[in-house]
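Source file: protein03.json; contents: JSON, C-alpha atoms and all ligand atoms.
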```
[["chain", "number", "residue", "atom", "x", "y", "z"],
["Y", 22, "MET", "CA", 32.83, -20.06, -4.45],
["Y", 23, "THR", "CA", 36.41, -18.94, -5.10],
["Y", 24, "ASP", "CA", 36.86, -15.16, -5.26],
["Y", 25, "THR", "CA", 38.99, -14.68, -8.39],
["Y", 26, "SER", "CA", 39.27, -10.88, -8.07],
["Y", 27, "PRO", "CA", 42.70, -9.62, -9.21],
["Y", 28, "GLY", "CA", 45.41, -9.42, -6.56],
["Y", 29, "LEU", "CA", 43.94, -11.91, -4.09],
["Y", 30, "TYR", "CA", 45.86, -15.10, -3.34],
["Y", 31, "GLY", "CA", 45.49, -18.35, -1.41],
["Y", 32, "SER", "CA", 42.72, -20.63, -0.26],
["Y", 33, "ASP", "CA", 39.06, -19.67, -0.63],
["Y", 34, "GLY", "CA", 39.03, -18.60, 3.03],
["Y", 35, "GLN", "CA", 42.19, -16.51, 2.69],
["Y", 36, "ARG", "CA", 40.84, -14.80, -0.45],
["Y", 37, "ARG", "CA", 37.55, -14.05, 1.29],
["Y", 38, "LEU", "CA", 39.39, -12.43, 4.20],
["Y", 39, "GLN", "CA", 41.67, -10.44, 1.87],
["Y", 40, "ALA", "CA", 38.66, -9.20, -0.12],
["Y", 41, "ALA", "CA", 36.92, -8.14, 3.10],
["Y", 42, "ALA", "CA", 40.10, -6.43, 4.36],
["Y", 43, "LEU", "CA", 40.49, -4.49, 1.09],
["Y", 44, "ALA", "CA", 36.81, -3.53, 1.07],
["Y", 45, "GLY", "CA", 37.13, -2.34, 4.68],
["Y", 46, "ALA", "CA", 40.46, -0.55, 4.19],
["Y", 47, "GLY", "CA", 38.90, 2.92, 4.30],
["Y", 48, "ALA", "CA", 37.02, 2.14, 7.50],
["Y", 49, "ALA", "CA", 40.10, 0.50, 9.07],
["Y", 50, "ARG", "CA", 41.99, 3.74, 8.45],
["Y", 51, "GLU", "CA", 39.26, 5.81, 10.16],
["Y", 52, "ILE", "CA", 37.65, 3.83, 12.99],
["Y", 53, "PRO", "CA", 39.28, 4.14, 16.44],
["Y", 54, "GLY", "CA", 40.60, 0.75, 17.53],
["Y", 55, "ALA", "CA", 40.68, -0.68, 13.99],
["Y", 56, "VAL", "CA", 43.85, -1.85, 12.21],
["Y", 57, "PHE", "CA", 44.38, -2.30, 8.46],
["Y", 58, "ALA", "CA", 45.87, -5.78, 8.69],
["Y", 59, "ALA", "CA", 45.65, -6.53, 4.93],
["Y", 60, "ARG", "CA", 44.88, -10.26, 5.14],
["Y", 61, "MET", "CA", 42.00, -9.94, 7.61],
["Y", 62, "ALA", "CA", 40.30, -7.41, 9.90],
["Y", 63, "GLY", "CA", 42.27, -6.20, 12.93],
["Y", 64, "THR", "CA", 42.19, -4.26, 16.18],
["Y", 65, "ASP", "CA", 44.78, -2.74, 18.49],
["Y", 66, "ASP", "CA", 42.17, -1.69, 21.05],
["Y", 67, "PRO", "CA", 39.32, -4.23, 21.33],
["Y", 68, "ASP", "CA", 37.30, -2.20, 23.85],
["Y", 69, "ARG", "CA", 37.44, 0.88, 21.62],
["Y", 70, "LEU", "CA", 36.55, -1.08, 18.47],
["Y", 71, "GLY", "CA", 33.80, -2.86, 20.38],
["Y", 72, "TRP", "CA", 33.29, -6.52, 21.20],
["Y", 73, "ASP", "CA", 30.01, -6.65, 19.25],
["Y", 74, "ARG", "CA", 31.91, -5.70, 16.10],
["Y", 75, "ILE", "CA", 34.68, -8.21, 16.90],
["Y", 76, "ALA", "CA", 32.12, -10.99, 17.46],
["Y", 77, "ALA", "CA", 30.37, -10.12, 14.19],
["Y", 78, "THR", "CA", 33.68, -10.17, 12.30],
["Y", 79, "LEU", "CA", 34.55, -13.58, 13.73],
["Y", 80, "ARG", "CA", 31.08, -14.87, 12.89],
["Y", 81, "ASP", "CA", 31.01, -13.46, 9.34],
["Y", 82, "GLU", "CA", 34.68, -13.69, 8.31],
["Y", 83, "GLY", "CA", 36.16, -16.36, 10.60],
["Y", 84, "ALA", "CA", 39.27, -14.46, 11.77],
["Y", 85, "ILE", "CA", 40.49, -11.17, 13.24],
["Y", 86, "THR", "CA", 43.95, -10.13, 14.37],
["Y", 87, "PHE", "CA", 44.65, -8.50, 17.76],
["Y", 88, "ARG", "CA", 47.68, -6.21, 17.77],
["Y", 89, "MET", "CA", 49.85, -4.74, 20.53],
["Y", 90, "ILE", "CA", 47.70, -6.02, 23.39],
["Y", 91, "PRO", "CA", 49.27, -5.44, 26.83],
["Y", 92, "THR", "CA", 50.37, -8.84, 28.12],
["Y", 93, "ASP", "CA", 48.41, -8.44, 31.33],
["Y", 94, "ALA", "CA", 45.23, -7.83, 29.27],
["Y", 95, "CYS", "CA", 45.66, -11.03, 27.20],
["Y", 96, "PRO", "CA", 43.82, -13.35, 29.65],
["Y", 97, "GLU", "CA", 40.76, -11.07, 29.46],
["Y", 98, "VAL", "CA", 40.90, -11.14, 25.63],
["Y", 99, "GLU", "CA", 41.09, -14.95, 25.78],
["Y", 100, "ARG", "CA", 38.12, -15.03, 28.18],
["Y", 101, "ARG", "CA", 35.98, -12.78, 25.96],
["Y", 102, "LEU", "CA", 36.85, -14.87, 22.90],
["Y", 103, "ALA", "CA", 36.05, -18.14, 24.71],
["Y", 104, "GLU", "CA", 32.58, -16.75, 25.46],
["Y", 105, "ILE", "CA", 31.91, -16.68, 21.70],
["Y", 106, "GLY", "CA", 33.59, -20.03, 20.97],
["Y", 107, "CYS", "CA", 36.88, -18.58, 19.70],
["Y", 108, "VAL", "CA", 40.56, -18.97, 20.57],
["Y", 109, "ILE", "CA", 43.66, -16.89, 19.87],
["Y", 110, "THR", "CA", 47.19, -17.88, 18.86],
["Y", 111, "TRP", "CA", 49.67, -15.34, 20.16],
["Y", 112, "TRP", "CA", 52.93, -14.15, 18.60],
["Y", 113, "ASP", "CA", 55.81, -12.44, 20.39],
["Y", 114, "VAL", "CA", 56.20, -8.76, 19.54],
["Y", 115, "PHE", "CA", 59.60, -7.26, 18.70],
["Y", 116, "ASP", "CA", 60.22, -3.60, 18.01],
["Y", 117, "GLY", "CA", 62.88, -0.95, 17.79],
["Y", 118, "PRO", "CA", 63.38, 2.80, 17.32],
["Y", 119, "ARG", "CA", 64.43, 4.36, 14.02],
["Y", 120, "ASP", "CA", 68.04, 5.19, 14.89],
["Y", 121, "THR", "CA", 68.88, 1.75, 16.28],
["Y", 122, "VAL", "CA", 67.22, -0.05, 13.37],
["Y", 123, "ARG", "CA", 68.92, 2.20, 10.83],
["Y", 124, "ALA", "CA", 72.41, 1.76, 12.31],
["Y", 125, "THR", "CA", 72.02, -2.01, 12.74],
["Y", 126, "CYS", "CA", 70.65, -2.60, 9.25],
["Y", 127, "ASP", "CA", 73.21, -0.32, 7.58],
["Y", 128, "ALA", "CA", 75.97, -2.38, 9.18],
["Y", 129, "LEU", "CA", 74.33, -5.65, 8.09],
["Y", 130, "LEU", "CA", 73.77, -4.48, 4.52],
["Y", 131, "ALA", "CA", 77.29, -3.06, 4.08],
["Y", 132, "SER", "CA", 78.69, -6.47, 3.16],
["Y", 133, "PRO", "CA", 76.14, -8.92, 1.74],
["Y", 134, "GLY", "CA", 77.31, -12.49, 2.23],
["Y", 135, "ASP", "CA", 75.56, -13.77, -0.91],
["Y", 136, "ASP", "CA", 75.31, -12.92, -4.64],
["Y", 137, "LEU", "CA", 71.50, -12.55, -4.66],
["Y", 138, "VAL", "CA", 70.13, -9.59, -6.65],
["Y", 139, "PRO", "CA", 67.45, -7.23, -5.25],
["Y", 140, "ALA", "CA", 64.48, -6.77, -7.61],
["Y", 141, "GLY", "CA", 64.03, -3.11, -8.56],
["Y", 142, "PRO", "CA", 61.06, -0.98, -7.40],
["Y", 143, "GLN", "CA", 59.47, -1.14, -10.86],
["Y", 144, "ALA", "CA", 59.56, -4.95, -10.92],
["Y", 145, "CYS", "CA", 57.88, -5.03, -7.51],
["Y", 146, "THR", "CA", 54.69, -3.50, -8.95],
["Y", 147, "ASP", "CA", 54.49, -6.00, -11.83],
["Y", 148, "PRO", "CA", 51.38, -8.19, -11.38],
["Y", 149, "GLY", "CA", 53.26, -11.27, -12.63],
["Y", 150, "LEU", "CA", 56.07, -10.86, -10.09],
["Y", 151, "LEU", "CA", 53.59, -10.05, -7.32],
["Y", 152, "GLU", "CA", 51.77, -13.32, -7.97],
["Y", 153, "GLN", "CA", 55.09, -15.19, -7.88],
["Y", 154, "VAL", "CA", 55.89, -13.46, -4.58],
["Y", 155, "GLN", "CA", 52.52, -14.52, -3.14],
["Y", 156, "ALA", "CA", 53.07, -18.12, -4.28],
["Y", 157, "PHE", "CA", 56.60, -18.07, -2.83],
["Y", 158, "MET", "CA", 55.35, -16.87, 0.57],
["Y", 159, "ALA", "CA", 52.46, -19.33, 0.63],
["Y", 160, "GLY", "CA", 54.84, -22.18, -0.23],
["Y", 161, "ARG", "CA", 56.79, -21.36, 2.94],
["Y", 162, "GLY", "CA", 53.73, -21.29, 5.17],
["Y", 163, "VAL", "CA", 53.42, -17.48, 5.24],
["Y", 164, "ALA", "CA", 49.86, -16.36, 4.39],
["Y", 165, "PRO", "CA", 50.32, -13.78, 1.63],
["Y", 166, "TYR", "CA", 48.93, -10.25, 1.39],
["Y", 167, "PRO", "CA", 46.82, -8.97, -1.53],
["Y", 168, "ALA", "CA", 48.89, -7.63, -4.44],
["Y", 169, "GLN", "CA", 47.26, -4.20, -3.95],
["Y", 170, "VAL", "CA", 48.93, -3.96, -0.52],
["Y", 171, "LEU", "CA", 52.29, -5.43, -1.61],
["Y", 172, "SER", "CA", 52.54, -2.91, -4.47],
["Y", 173, "GLY", "CA", 51.75, 0.11, -2.27],
["Y", 174, "GLN", "CA", 48.35, 0.91, -3.81],
["Y", 175, "THR", "CA", 46.74, 0.98, -0.34],
["Y", 176, "GLY", "CA", 49.41, 3.16, 1.32],
["Y", 177, "PRO", "CA", 53.17, 3.57, 1.75],
["Y", 178, "ALA", "CA", 54.87, 0.17, 1.66],
["Y", 179, "PHE", "CA", 58.04, -1.57, 0.54],
["Y", 180, "LEU", "CA", 58.46, -5.08, -0.82],
["Y", 181, "ALA", "CA", 61.97, -6.55, -0.69],
["Y", 182, "VAL", "CA", 62.65, -9.40, -3.13],
["Y", 183, "LEU", "CA", 66.03, -11.08, -3.59],
["Y", 184, "THR", "CA", 66.44, -13.09, -6.78],
["Y", 185, "ASP", "CA", 68.80, -15.89, -7.77],
["Y", 186, "PRO", "CA", 71.23, -14.57, -10.45],
["Y", 187, "ALA", "CA", 71.33, -18.06, -11.99],
["Y", 188, "ASP", "CA", 67.75, -17.98, -13.25],
["Y", 189, "GLY", "CA", 66.01, -14.87, -11.85],
["Y", 190, "SER", "CA", 63.81, -16.96, -9.52],
["Y", 191, "ILE", "CA", 62.76, -15.63, -6.13],
["Y", 192, "ALA", "CA", 65.15, -16.51, -3.30],
["Y", 193, "ALA", "CA", 63.75, -14.41, -0.44],
["Y", 194, "THR", "CA", 61.03, -11.87, 0.42],
["Y", 195, "ALA", "CA", 60.15, -9.36, 3.14],
["Y", 196, "PHE", "CA", 57.58, -6.57, 3.37],
["Y", 197, "THR", "CA", 56.80, -3.46, 5.39],
["Y", 198, "TYR", "CA", 53.87, -1.01, 5.60],
["Y", 199, "PHE", "CA", 51.80, 1.01, 8.11],
["Y", 200, "PRO", "CA", 48.80, -0.88, 9.58],
["Y", 201, "TYR", "CA", 47.77, 1.56, 12.36],
["Y", 202, "ASN", "CA", 45.50, 4.56, 11.93],
["Y", 203, "ARG", "CA", 45.78, 8.09, 13.33],
["Y", 204, "HIS", "CA", 43.86, 7.17, 16.51],
["Y", 205, "SER", "CA", 46.47, 4.59, 17.48],
["Y", 206, "PRO", "CA", 49.54, 5.21, 19.67],
["Y", 207, "HIS", "CA", 51.37, 3.10, 17.04],
["Y", 208, "HIS", "CA", 50.39, 5.20, 14.02],
["Y", 209, "ALA", "CA", 54.02, 6.07, 13.17],
["Y", 210, "THR", "CA", 55.19, 2.46, 13.63],
["Y", 211, "ALA", "CA", 55.74, 0.35, 10.53],
["Y", 212, "TRP", "CA", 55.10, -3.37, 10.65],
["Y", 213, "ALA", "CA", 57.53, -5.69, 8.85],
["Y", 214, "GLY", "CA", 57.13, -9.36, 8.05],
["Y", 215, "LEU", "CA", 56.23, -11.84, 5.29],
["Y", 216, "VAL", "CA", 59.87, -12.93, 5.50],
["Y", 217, "ALA", "CA", 60.52, -16.13, 3.62],
["Y", 218, "VAL", "CA", 63.72, -17.72, 2.30],
["Y", 219, "ARG", "CA", 64.04, -20.52, -0.27],
["Y", 220, "ASP", "CA", 64.46, -23.79, 1.59],
["Y", 221, "ASP", "CA", 67.91, -24.62, 0.14],
["Y", 222, "MET", "CA", 69.28, -21.15, 1.04],
["Y", 223, "ARG", "CA", 68.39, -21.08, 4.73],
["Y", 224, "GLY", "CA", 70.88, -20.64, 7.55],
["Y", 225, "ARG", "CA", 73.29, -18.48, 5.48],
["Y", 226, "GLY", "CA", 72.16, -15.02, 6.51],
["Y", 227, "VAL", "CA", 69.74, -14.48, 3.60],
["Y", 228, "GLY", "CA", 66.79, -13.97, 5.98],
["Y", 229, "ILE", "CA", 68.73, -11.35, 7.91],
["Y", 230, "ARG", "CA", 69.64, -9.55, 4.67],
["Y", 231, "VAL", "CA", 66.14, -9.46, 3.15],
["Y", 232, "ASN", "CA", 64.61, -8.45, 6.49],
["Y", 233, "ALA", "CA", 67.22, -5.69, 6.90],
["Y", 234, "LEU", "CA", 66.37, -4.38, 3.40],
["Y", 235, "ALA", "CA", 62.71, -3.99, 4.40],
["Y", 236, "LEU", "CA", 63.46, -2.49, 7.83],
["Y", 237, "ARG", "CA", 65.98, -0.04, 6.38],
["Y", 238, "GLN", "CA", 63.36, 1.23, 3.96],
["Y", 239, "ALA", "CA", 60.75, 1.49, 6.74],
["Y", 240, "VAL", "CA", 62.91, 3.83, 8.81],
["Y", 241, "GLY", "CA", 64.36, 5.51, 5.70],
["Y", 242, "ASP", "CA", 62.15, 6.57, 2.80],
["Y", 243, "LEU", "CA", 58.91, 5.49, 4.51],
["Y", 244, "GLY", "CA", 59.72, 7.63, 7.57],
["Y", 245, "ALA", "CA", 58.68, 5.25, 10.37],
["Y", 246, "ASP", "CA", 59.54, 6.28, 13.96],
["Y", 247, "ARG", "CA", 59.65, 2.63, 15.02],
["Y", 248, "VAL", "CA", 59.38, -0.79, 13.37],
["Y", 249, "GLN", "CA", 57.75, -3.92, 14.75],
["Y", 250, "GLU", "CA", 57.71, -7.60, 13.78],
["Y", 251, "PHE", "CA", 55.88, -10.61, 15.16],
["Y", 252, "ALA", "CA", 56.99, -14.24, 15.49],
["Y", 253, "ARG", "CA", 55.99, -17.32, 17.38],
["Y", 254, "THR", "CA", 58.31, -18.13, 20.28],
["Y", 255, "THR", "CA", 58.88, -21.56, 18.69],
["Y", 256, "ASN", "CA", 60.06, -20.03, 15.37],
["Y", 257, "VAL", "CA", 63.62, -19.68, 16.63],
["Y", 258, "ALA", "CA", 65.15, -18.74, 13.25],
["Y", 259, "SER", "CA", 62.60, -15.95, 12.80],
["Y", 260, "CYS", "CA", 63.08, -14.59, 16.34],
["Y", 261, "ARG", "CA", 66.88, -14.63, 15.96],
["Y", 262, "MET", "CA", 66.68, -12.96, 12.55],
["Y", 263, "ILE", "CA", 64.48, -10.18, 13.91],
["Y", 264, "GLU", "CA", 66.79, -9.55, 16.90],
["Y", 265, "ARG", "CA", 69.89, -9.52, 14.67],
["Y", 266, "CYS", "CA", 68.26, -6.65, 12.76],
["Y", 267, "GLY", "CA", 68.10, -4.48, 15.89],
["Y", 268, "LEU", "CA", 64.60, -5.18, 17.23],
["Y", 269, "ARG", "CA", 64.03, -6.26, 20.83],
["Y", 270, "LEU", "CA", 61.44, -8.55, 22.39],
["Y", 271, "ARG", "CA", 58.59, -6.59, 23.99],
["Y", 272, "ALA", "CA", 57.52, -8.87, 26.82],
["Y", 273, "ASP", "CA", 54.85, -6.31, 27.75],
["Y", 274, "LEU", "CA", 52.91, -6.73, 24.48],
["Y", 275, "ARG", "CA", 51.48, -9.54, 22.38],
["Y", 276, "SER", "CA", 49.78, -9.83, 19.00],
["Y", 277, "GLY", "CA", 47.81, -12.74, 17.60],
["Y", 278, "ILE", "CA", 45.07, -14.15, 15.40],
["Y", 279, "ALA", "CA", 41.65, -15.12, 16.80],
["Y", 280, "GLN", "CA", 39.60, -17.80, 15.07],
["Y", 281, "PRO", "CA", 36.71, -20.09, 15.95],
["Y", 282, "ALA", "CA", 37.94, -22.99, 18.13],
["Y", 283, "GLY", "CA", 39.17, -25.88, 15.96],
["Y", 284, "ALA", "CA", 39.91, -23.74, 12.87],
["Y", 285, "ARG", "CA", 43.14, -24.45, 10.96],
["Y", 286, "SER", "CA", 46.15, -22.27, 11.92],
["Y", 287, "PHE", "CA", 46.22, -19.27, 9.59],
["Y", 288, "THR", "CA", 49.93, -18.53, 9.14],
["Y", 289, "ARG", "CA", 53.33, -19.06, 10.69],
["S", 301, "LIG", "C1", 62.67, -17.53, 9.24],
["S", 301, "LIG", "C2", 63.51, -17.52, 7.99],
["S", 301, "LIG", "C3", 63.06, -16.38, 7.09],
["S", 301, "LIG", "C4", 64.98, -17.29, 8.38],
["S", 301, "LIG", "O1", 65.77, -17.21, 7.21],
["S", 301, "LIG", "P1", 67.28, -17.80, 7.14],
["S", 301, "LIG", "O2", 67.91, -17.26, 5.91],
["S", 301, "LIG", "O3", 67.25, -19.26, 7.31],
["S", 301, "LIG", "O4", 67.90, -17.14, 8.45],
["S", 301, "LIG", "P2", 69.39, -16.59, 8.61],
["S", 301, "LIG", "O5", 70.37, -17.53, 7.98],
["S", 301, "LIG", "O6", 69.43, -15.17, 8.14],
["S", 301, "LIG", "O7", 69.58, -16.70, 10.19],
["S", 301, "LIG", "C5", 68.94, -15.84, 11.11],
["S", 301, "LIG", "C6", 69.35, -16.24, 12.51],
["S", 301, "LIG", "O8", 68.61, -17.40, 12.89],
["S", 301, "LIG", "C7", 69.49, -18.47, 13.20],
["S", 301, "LIG", "N1", 68.88, -19.67, 12.64],
["S", 301, "LIG", "C8", 68.64, -19.92, 11.33],
["S", 301, "LIG", "N2", 68.02, -21.10, 11.22],
["S", 301, "LIG", "C9", 67.90, -21.60, 12.46],
["S", 301, "LIG", "C10", 67.32, -22.79, 13.00],
["S", 301, "LIG", "N3", 66.77, -23.69, 12.20],
["S", 301, "LIG", "N4", 67.34, -22.96, 14.34],
["S", 301, "LIG", "C11", 67.90, -22.02, 15.15],
["S", 301, "LIG", "N5", 68.44, -20.87, 14.71],
["S", 301, "LIG", "C12", 68.43, -20.67, 13.38],
["S", 301, "LIG", "C13", 70.79, -18.13, 12.52],
["S", 301, "LIG", "O9", 71.88, -18.78, 13.13],
["S", 301, "LIG", "C14", 70.82, -16.63, 12.66],
["S", 301, "LIG", "O10", 71.18, -16.23, 13.97],
["S", 301, "LIG", "P3", 72.69, -15.81, 14.32],
["S", 301, "LIG", "O11", 73.08, -14.80, 13.29],
["S", 301, "LIG", "O12", 72.62, -15.29, 15.69],
["S", 301, "LIG", "O13", 73.52, -17.05, 14.18],
["S", 301, "LIG", "C15", 63.44, -18.86, 7.22],
["S", 301, "LIG", "O14", 63.74, -19.91, 8.11],
["S", 301, "LIG", "C16", 62.06, -19.15, 6.59],
["S", 301, "LIG", "O15", 61.81, -18.78, 5.44],
["S", 301, "LIG", "N6", 61.18, -19.80, 7.37],
["S", 301, "LIG", "C17", 59.80, -20.11, 6.87],
["S", 301, "LIG", "C18", 58.93, -18.89, 6.88],
["S", 301, "LIG", "C19", 58.86, -18.22, 8.23],
["S", 301, "LIG", "O16", 58.75, -18.86, 9.26],
["S", 301, "LIG", "N7", 58.90, -16.87, 8.20],
["S", 301, "LIG", "C20", 58.80, -16.06, 9.39],
["S", 301, "LIG", "C21", 57.37, -15.83, 9.74],
["S", 301, "LIG", "S1", 57.26, -14.93, 11.29]]
```

As structure tokens, the full file:
Amino acid sequence: MTDTSPGLYGSDGQRRLQAAALAGAGAAREIPGAVFAARMAGTDDPDRLGWDRIAATLRDEGAITFRMIPTDACPEVERRLAEIGCVITWWDVFDGPRDTVRATCDALLASPGDDLVPAGPQACTDPGLLEQVQAFMAGRGVAPYPAQVLSGQTGPAFLAVLTDPADGSIAATAFTYFPYNRHSPHHATAWAGLVAVRDDMRGRGVGIRVNALALRQAVGDLGADRVQEFARTTNVASCRMIERCGLRLRADLRSGIAQPAGARSFTR
């Protein structure tokens, strides 16, 4: 049955995972090895979280995200998952330190190459706009986050929305928040993502601008020491956009989503 709780968005499966992630937010902020990944359960240290718990999550919820796994440990993660009938799709990890990200994004944002208008902070907590943002992301293949996370109710966060001055419609989105808890070496690292640009506006620097708006806030008001983003190697536009904003590929780390073998790909 569809979970129609306020703030959730997407398919029945996506809503179920979001509801479970919200319900487990407190635990994800406390348990060593757990990550508050907003659209599903997560871990940045599978041995510390425990493979029994990971197997139970995959059995009960159908997905879990692995974050910041050393590349040389990935084959062992794949082997453990295969033992329980699951597979993982990996993303490349990009990250950068505060000063580099700040200087790069300030330079990018100094002269916007478009007339798009950023939505104000107040608008970004409006339930109507948040639902439009979720629909916009989903329409571009990006699995959305619950509105509670996008609006900052679950912790410090920033949602960047660029609107079309012609009609006020959404032209681009990006988001940043802190997924890692105090036990993690990444606890002061913000994650950024959910970047999507209207199809007819691509290839003109809009992605770079909206991403830079989110990253600038992460290392500014939100106080992150570092920022990270994930993208599939094959998503060339996304990888280029991330690098243009001052982040560098971390060949030593990977992140990904584990699901039962044969399940439909969860997000871009
Ligand atoms: C990824 C995405 C946000 C990029 O937005 P965009 O506005 O088209 O990107 P930009 O115009 O800012 O370009 C960013 C960089 O990528 C390059 N680029 C853009 N589209 C490209 C393409 N189709 N192939 C190769 N490079 C591309 C640009 O040339 C630019 O690099 P450069 O400055 O070195 O020339 C957009 O394509 C999108 O919404 N994709 C669907 C959702 C998605 O995949 N999100 C990312 C999830 S990880």

List every residue of chain Y that has an atom at most 6 Å from any atom of ligand LIG 301 (chain S), and for each one report the closest atom pair and its distance in Å to one decimal, counting all atoms listed in the file, with rows sorted by chain and then by increasing residue number, as JSON lines.
```
{"residue": "Y:Arg161", "atom": "CA", "partner": "S:LIG301", "partner_atom": "C17", "distance": 5.1}
{"residue": "Y:Gly162", "atom": "CA", "partner": "S:LIG301", "partner_atom": "C18", "distance": 6.0}
{"residue": "Y:Val163", "atom": "CA", "partner": "S:LIG301", "partner_atom": "C18", "distance": 5.9}
{"residue": "Y:Val216", "atom": "CA", "partner": "S:LIG301", "partner_atom": "N7", "distance": 4.9}
{"residue": "Y:Ala217", "atom": "CA", "partner": "S:LIG301", "partner_atom": "O15", "distance": 3.5}
{"residue": "Y:Val218", "atom": "CA", "partner": "S:LIG301", "partner_atom": "O15", "distance": 3.8}
{"residue": "Y:Arg223", "atom": "CA", "partner": "S:LIG301", "partner_atom": "O3", "distance": 3.4}
{"residue": "Y:Gly224", "atom": "CA", "partner": "S:LIG301", "partner_atom": "O5", "distance": 3.2}
{"residue": "Y:Arg225", "atom": "CA", "partner": "S:LIG301", "partner_atom": "O5", "distance": 4.0}
{"residue": "Y:Gly226", "atom": "CA", "partner": "S:LIG301", "partner_atom": "O6", "distance": 3.2}
{"residue": "Y:Val227", "atom": "CA", "partner": "S:LIG301", "partner_atom": "O2", "distance": 4.1}
{"residue": "Y:Gly228", "atom": "CA", "partner": "S:LIG301", "partner_atom": "O2", "distance": 3.5}
{"residue": "Y:Ile229", "atom": "CA", "partner": "S:LIG301", "partner_atom": "O6", "distance": 3.9}
{"residue": "Y:Phe251", "atom": "CA", "partner": "S:LIG301", "partner_atom": "S1", "distance": 6.0}
{"residue": "Y:Ala252", "atom": "CA", "partner": "S:LIG301", "partner_atom": "S1", "distance": 4.3}
{"residue": "Y:Val257", "atom": "CA", "partner": "S:LIG301", "partner_atom": "C11", "distance": 5.1}
{"residue": "Y:Ala258", "atom": "CA", "partner": "S:LIG301", "partner_atom": "O8", "distance": 3.7}
{"residue": "Y:Ser259", "atom": "CA", "partner": "S:LIG301", "partner_atom": "C1", "distance": 3.9}
{"residue": "Y:Arg261", "atom": "CA", "partner": "S:LIG301", "partner_atom": "O8", "distance": 4.5}
{"residue": "Y:Met262", "atom": "CA", "partner": "S:LIG301", "partner_atom": "C5", "distance": 3.9}
{"residue": "Y:Arg289", "atom": "CA", "partner": "S:LIG301", "partner_atom": "C21", "distance": 5.3}
```

Could the residues in this selection be saved with C-alpha atoms as a PDB file, in the coordinates of the input?
```
ATOM      1  CA  ARG Y 161      56.790 -21.360   2.940  1.00  0.00           C
ATOM      2  CA  GLY Y 162      53.730 -21.290   5.170  1.00  0.00           C
ATOM      3  CA  VAL Y 163      53.420 -17.480   5.240  1.00  0.00           C
ATOM      4  CA  VAL Y 216      59.870 -12.930   5.500  1.00  0.00           C
ATOM      5  CA  ALA Y 217      60.520 -16.130   3.620  1.00  0.00           C
ATOM      6  CA  VAL Y 218      63.720 -17.720   2.300  1.00  0.00           C
ATOM      7  CA  ARG Y 223      68.390 -21.080   4.730  1.00  0.00           C
ATOM      8  CA  GLY Y 224      70.880 -20.640   7.550  1.00  0.00           C
ATOM      9  CA  ARG Y 225      73.290 -18.480   5.480  1.00  0.00           C
ATOM     10  CA  GLY Y 226      72.160 -15.020   6.510  1.00  0.00           C
ATOM     11  CA  VAL Y 227      69.740 -14.480   3.600  1.00  0.00           C
ATOM     12  CA  GLY Y 228      66.790 -13.970   5.980  1.00  0.00           C
ATOM     13  CA  ILE Y 229      68.730 -11.350   7.910  1.00  0.00           C
ATOM     14  CA  PHE Y 251      55.880 -10.610  15.160  1.00  0.00           C
ATOM     15  CA  ALA Y 252      56.990 -14.240  15.490  1.00  0.00           C
ATOM     16  CA  VAL Y 257      63.620 -19.680  16.630  1.00  0.00           C
ATOM     17  CA  ALA Y 258      65.150 -18.740  13.250  1.00  0.00           C
ATOM     18  CA  SER Y 259      62.600 -15.950  12.800  1.00  0.00           C
ATOM     19  CA  ARG Y 261      66.880 -14.630  15.960  1.00  0.00           C
ATOM     20  CA  MET Y 262      66.680 -12.960  12.550  1.00  0.00           C
ATOM     21  CA  ARG Y 289      53.330 -19.060  10.690  1.00  0.00           C
TER      22      ARG Y 289
END
```

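Considering all atoms listed in the file, the residue among Y:Ala187, Y:Val56, Y:Val248, Y:Leu274 positioned nearest to Asp136 in chain Y is Y:Ala187.
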
Point out the residue among Y:Leu38, Y:Cys95, Y:Ala279, Y:Val182 with the least atom-to-atom distance to Ala140 in chain Y, counting all atoms listed in the file.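 Closest residue, counting all atoms listed in the file: Y:Val182.
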
Which value, in Å to one decimal, gives the distance between CA of Met158 in chain Y and CA of Asp135 in chain Y?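 Value for the CA of Met158 in chain Y-CA of Asp135 in chain Y distance: 20.5 Å.
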
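If all atoms listed in the file are the atoms counted, then among Y:Asp113, Y:Gln153, Y:Gly63, Y:Val98 the closest residue to Asn256 in chain Y is Y:Asp113.
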
Considering only C-alpha atoms, can you say which of Y:Ala168, Y:Ala209, Y:Ala46, Y:Ala128 comes closest to Val240 in chain Y?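 Closest to Val240 in chain Y, using only C-alpha atoms: Y:Ala209.
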
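The spacing separating CA of Pro67 in chain Y from CA of Gln174 in chain Y amounts to 27.2 Å.
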
Please identify all polymer residues lying at most 12 Å from the point (38.4, -10.6, 18.6) (file coordinates), using all atoms listed in the file, and present the result as a PyMOL selection string. chain Y and resi 54-55+61-80+82-88+90+95+97-110+276-281

Select, from Y:Tyr198, Y:Gly134, Y:Glu152, Y:Arg285, the residue with the minimum atom-to-atom distance to Pro27 in chain Y, counting all atoms listed in the file. Y:Glu152

Looking at Y:Pro96, Y:Asp220, Y:Gly244, Y:Gln249, which one is nearest to Gly160 in chain Y, with distances taken over only C-alpha atoms?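 Of the candidates, the smallest distance to Gly160 in chain Y is held by Y:Asp220.
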